[in-house]
Structures are given as C-alpha cells and as structure tokens.
$ cat protein.tsv   # TSV, C-alpha atoms
chain	number	residue	atom	x	y	z
A	212	MET	CA	80.93	103.83	117.50
A	213	SER	CA	83.35	102.65	114.83
A	214	LYS	CA	86.18	100.21	115.38
A	215	ALA	CA	88.75	102.99	114.92
A	216	ARG	CA	87.11	105.15	117.61
A	217	LYS	CA	86.94	102.21	120.02
A	218	THR	CA	90.61	101.43	119.40
A	219	LEU	CA	91.55	105.08	120.00
A	220	GLN	CA	89.66	105.04	123.31
A	221	LYS	CA	91.54	101.88	124.32
A	222	MET	CA	94.83	103.57	123.41
A	223	LYS	CA	93.99	106.49	125.69
A	224	CYS	CA	93.34	104.13	128.61
A	225	ASN	CA	96.24	101.76	127.97
A	226	PRO	CA	99.10	102.99	125.72
A	227	LYS	CA	101.00	99.68	125.92
A	228	ASP	CA	101.30	96.82	123.43
A	229	TRP	CA	100.07	98.45	120.20
A	230	ARG	CA	101.28	97.83	116.65
A	231	ILE	CA	101.72	99.97	113.55
A	232	LYS	CA	98.72	98.26	111.95
A	233	ASN	CA	96.47	99.67	114.71
A	234	LEU	CA	97.84	103.19	114.18
A	235	GLU	CA	97.38	102.93	110.42
A	236	THR	CA	93.74	101.88	110.86
A	237	ILE	CA	93.01	104.90	113.04
A	238	ALA	CA	95.00	107.20	110.73
A	239	GLY	CA	92.96	106.03	107.75
A	240	TYR	CA	89.68	106.63	109.57
A	241	TYR	CA	90.61	110.18	110.63
A	242	GLY	CA	92.29	111.12	107.34
A	243	LEU	CA	95.84	111.38	108.65
A	244	ASN	CA	98.75	111.34	106.25
A	245	ILE	CA	100.90	108.23	106.53
A	246	ARG	CA	104.45	108.34	105.22
A	247	LYS	CA	106.50	105.18	105.22
A	248	SER	CA	110.13	105.47	104.34
A	249	SER	CA	112.46	102.68	103.40
A	250	GLY	CA	113.67	102.71	107.00
A	251	SER	CA	112.00	101.47	110.14
A	252	HIS	CA	109.83	104.52	110.92
A	253	VAL	CA	106.32	105.61	110.00
A	254	VAL	CA	105.40	109.31	110.05
A	255	PHE	CA	101.85	110.48	110.83
A	256	GLY	CA	100.58	114.00	110.28
A	257	HIS	CA	97.60	116.08	109.16
A	258	SER	CA	97.28	119.32	107.23
A	259	ASP	CA	95.08	120.86	109.98
A	260	SER	CA	97.65	120.23	112.71
A	261	ASP	CA	101.24	121.29	113.32
A	262	ILE	CA	101.91	118.02	115.15
A	263	VAL	CA	103.90	115.33	113.37
A	264	VAL	CA	104.49	111.97	115.04
A	265	THR	CA	107.35	109.72	113.95
A	266	VAL	CA	106.89	106.18	115.21
A	267	PRO	CA	109.55	103.46	115.10
A	268	ALA	CA	107.99	100.35	113.59
A	269	HIS	CA	109.24	98.04	116.31
A	270	LYS	CA	106.87	95.64	118.04
A	271	PRO	CA	105.34	96.62	120.39
A	272	ILE	CA	105.38	100.41	120.12
A	273	LYS	CA	106.52	102.26	123.23
A	274	PRO	CA	103.75	104.06	125.16
A	275	ILE	CA	105.22	107.53	124.58
A	276	TYR	CA	104.60	107.23	120.83
A	277	ILE	CA	101.03	106.08	121.40
A	278	LYS	CA	100.40	109.08	123.66
A	279	GLN	CA	101.80	111.43	120.99
A	280	PHE	CA	99.62	109.78	118.34
A	281	VAL	CA	96.51	110.23	120.50
A	282	VAL	CA	97.35	113.92	120.95
A	283	LEU	CA	97.68	114.26	117.16
A	284	VAL	CA	94.28	112.68	116.55
A	285	GLU	CA	92.66	114.80	119.26
A	286	SER	CA	94.17	117.94	117.74
A	287	ILE	CA	92.16	117.39	114.53
A	288	THR	CA	88.94	116.16	116.17
A	289	LYS	CA	86.74	117.48	118.91
A	290	GLU	CA	86.50	114.16	120.81
$ encode --input "protein.tsv" --output "structure tokens"
Amino acid sequence: MSKARKTLQKMKCNPKDWRIKNLETIAGYYGLNIRKSSGSHVVFGHSDSDIVVTVPAHKPIKPIYIKQFVVLVESITKE
C-alpha cells in the first residue's frame, strides 16, 4: 500500500490535525486537480467527479474539509 493510500485511510479514521501538504500528496497520487489562488484557499477537483472541495489553508484544517476531501477521492476510486 502506498503512502498516499495509508494517509487517506488515516484521514478516514481521524479527520483532525491535517495540513494542506498531506492533501496535496494524496491529490497528486490520485490525479486530482489542485488550484491555488493568491488567497488562502486551495481547490481540489477531478474531471470524473462533480464534487469540488475548497479548503482554507489554515493550520490545522478543520475536520469537515477533510471529510469532504475523502468523499471526493472515494468518488473517483473504488476503494
């Protein structure tokens, strides 16, 4: 199992205390689009999914955004 998959599993079990860097690693592994604006948000999406997740880049990220990110990843995979 890759590091990105292990991290995603940990996010499912405990959506607290994650950082943008962790999300970007998982997004890169699964081929998600990452859009960083000049502001303090990062937008994740994928062409195979209608779900778009906008995450404030504050540390740590609130659990609700992690849960939304996990749903996005699961919508493009069969895990």
$ closest_residue --input "protein.tsv" --among "A:Lys223, A:His252, A:Arg230, A:His257" --to "Ile272 in chain A" --atoms "all atoms listed in the file"
A:Arg230
$ axis_aligned_box --input "protein.tsv" --around "range 222-233 of chain A" --padding-each-side "6 Å" --output "JSON"
{"center_x": 97.5, "center_y": 101.7, "center_z": 120.3, "size_x": 20.4, "size_y": 21.7, "size_z": 28.7}
$ atom_distance --input "protein.tsv" --atom1 "CA of Val266 in chain A" --atom2 "CA of Ser251 in chain A"
8.6 Å
$ closest_residue --input "protein.tsv" --among "A:Ser286, A:Asn233, A:Ser213, A:Gln220" --to "Asp261 in chain A" --atoms "all atoms listed in the file"
A:Ser286
$ closest_residue --input "protein.tsv" --among "A:Cys224, A:Tyr241, A:Thr218, A:Ala268" --to "Lys289 in chain A" --atoms "all atoms listed in the file"
A:Tyr241
$ atom_distance --input "protein.tsv" --atom1 "CA of His269 in chain A" --atom2 "CA of Gly242 in chain A"
23.2 Å
$ decode --input "protein.tsv" --residues "range 256-286 of chain A" --atoms "N, CA and C atoms" --output "mmCIF file, in the first residue's frame"
data_model
loop_
_atom_site.group_PDB
_atom_site.id
_atom_site.type_symbol
_atom_site.label_atom_id
_atom_site.label_comp_id
_atom_site.auth_asym_id
_atom_site.auth_seq_id
_atom_site.Cartn_x
_atom_site.Cartn_y
_atom_site.Cartn_z
ATOM 1 N N GLY A 256 -10.353 19.131 -7.218
ATOM 2 C CA GLY A 256 -11.424 18.608 -8.052
ATOM 3 C C GLY A 256 -10.881 17.538 -8.974
ATOM 4 N N HIS A 257 -11.779 16.928 -9.748
ATOM 5 C CA HIS A 257 -11.392 15.907 -10.720
ATOM 6 C C HIS A 257 -12.406 15.915 -11.845
ATOM 7 N N SER A 258 -11.942 15.638 -13.057
ATOM 8 C CA SER A 258 -12.826 15.692 -14.213
ATOM 9 C C SER A 258 -13.885 14.591 -14.197
ATOM 10 N N ASP A 259 -13.654 13.499 -13.468
ATOM 11 C CA ASP A 259 -14.618 12.402 -13.391
ATOM 12 C C ASP A 259 -15.646 12.577 -12.272
ATOM 13 N N SER A 260 -15.562 13.664 -11.541
ATOM 14 C CA SER A 260 -16.452 13.879 -10.404
ATOM 15 C C SER A 260 -17.028 15.295 -10.448
ATOM 16 N N ASP A 261 -18.253 15.415 -9.989
ATOM 17 C CA ASP A 261 -18.894 16.735 -9.894
ATOM 18 C C ASP A 261 -18.545 17.433 -8.584
ATOM 19 N N ILE A 262 -17.847 16.760 -7.711
ATOM 20 C CA ILE A 262 -17.517 17.302 -6.398
ATOM 21 C C ILE A 262 -16.275 18.182 -6.500
ATOM 22 N N VAL A 263 -16.368 19.359 -5.917
ATOM 23 C CA VAL A 263 -15.233 20.271 -5.810
ATOM 24 C C VAL A 263 -15.108 20.647 -4.339
ATOM 25 N N VAL A 264 -13.899 20.545 -3.802
ATOM 26 C CA VAL A 264 -13.673 20.842 -2.393
ATOM 27 C C VAL A 264 -12.735 22.038 -2.286
ATOM 28 N N THR A 265 -13.216 23.090 -1.635
ATOM 29 C CA THR A 265 -12.410 24.273 -1.378
ATOM 30 C C THR A 265 -11.979 24.240 0.085
ATOM 31 N N VAL A 266 -10.663 24.242 0.290
ATOM 32 C CA VAL A 266 -10.116 24.074 1.634
ATOM 33 C C VAL A 266 -9.346 25.328 2.031
ATOM 34 N N PRO A 267 -9.714 25.954 3.145
ATOM 35 C CA PRO A 267 -8.906 27.062 3.654
ATOM 36 C C PRO A 267 -7.540 26.535 4.090
ATOM 37 N N ALA A 268 -6.497 27.238 3.750
ATOM 38 C CA ALA A 268 -5.143 26.771 4.037
ATOM 39 C C ALA A 268 -4.680 27.182 5.428
ATOM 40 N N HIS A 269 -5.548 27.077 6.390
ATOM 41 C CA HIS A 269 -5.183 27.366 7.776
ATOM 42 C C HIS A 269 -4.673 26.085 8.414
ATOM 43 N N LYS A 270 -3.886 26.199 9.443
ATOM 44 C CA LYS A 270 -3.321 25.029 10.114
ATOM 45 C C LYS A 270 -3.926 24.898 11.486
ATOM 46 N N PRO A 271 -4.382 23.763 11.893
ATOM 47 C CA PRO A 271 -4.724 22.597 11.086
ATOM 48 C C PRO A 271 -6.058 22.796 10.371
ATOM 49 N N ILE A 272 -6.318 21.939 9.400
ATOM 50 C CA ILE A 272 -7.555 22.016 8.624
ATOM 51 C C ILE A 272 -8.691 21.430 9.457
ATOM 52 N N LYS A 273 -9.845 22.064 9.408
ATOM 53 C CA LYS A 273 -10.997 21.579 10.167
ATOM 54 C C LYS A 273 -11.468 20.231 9.608
ATOM 55 N N PRO A 274 -11.967 19.360 10.494
ATOM 56 C CA PRO A 274 -12.375 18.011 10.083
ATOM 57 C C PRO A 274 -13.415 17.965 8.961
ATOM 58 N N ILE A 275 -14.300 18.930 8.878
ATOM 59 C CA ILE A 275 -15.329 18.906 7.844
ATOM 60 C C ILE A 275 -14.713 18.947 6.447
ATOM 61 N N TYR A 276 -13.628 19.683 6.279
ATOM 62 C CA TYR A 276 -12.965 19.754 4.973
ATOM 63 C C TYR A 276 -12.251 18.448 4.649
ATOM 64 N N ILE A 277 -11.713 17.797 5.650
ATOM 65 C CA ILE A 277 -11.057 16.507 5.437
ATOM 66 C C ILE A 277 -12.095 15.476 5.011
ATOM 67 N N LYS A 278 -13.245 15.479 5.662
ATOM 68 C CA LYS A 278 -14.318 14.547 5.300
ATOM 69 C C LYS A 278 -14.775 14.779 3.862
ATOM 70 N N GLN A 279 -14.911 16.034 3.456
ATOM 71 C CA GLN A 279 -15.300 16.346 2.080
ATOM 72 C C GLN A 279 -14.234 15.882 1.088
ATOM 73 N N PHE A 280 -12.975 16.060 1.446
ATOM 74 C CA PHE A 280 -11.872 15.627 0.587
ATOM 75 C C PHE A 280 -11.888 14.110 0.415
ATOM 76 N N VAL A 281 -12.128 13.383 1.490
ATOM 77 C CA VAL A 281 -12.193 11.918 1.428
ATOM 78 C C VAL A 281 -13.333 11.485 0.518
ATOM 79 N N VAL A 282 -14.471 12.140 0.598
ATOM 80 C CA VAL A 282 -15.607 11.825 -0.269
ATOM 81 C C VAL A 282 -15.231 12.068 -1.734
ATOM 82 N N LEU A 283 -14.521 13.141 -2.003
ATOM 83 C CA LEU A 283 -14.067 13.428 -3.367
ATOM 84 C C LEU A 283 -13.174 12.307 -3.890
ATOM 85 N N VAL A 284 -12.192 11.907 -3.107
ATOM 86 C CA VAL A 284 -11.281 10.842 -3.536
ATOM 87 C C VAL A 284 -12.047 9.539 -3.746
ATOM 88 N N GLU A 285 -12.954 9.216 -2.842
ATOM 89 C CA GLU A 285 -13.728 7.988 -2.977
ATOM 90 C C GLU A 285 -14.659 8.023 -4.183
ATOM 91 N N SER A 286 -15.069 9.221 -4.609
ATOM 92 C CA SER A 286 -15.957 9.313 -5.761
ATOM 93 C C SER A 286 -15.235 8.997 -7.071
#
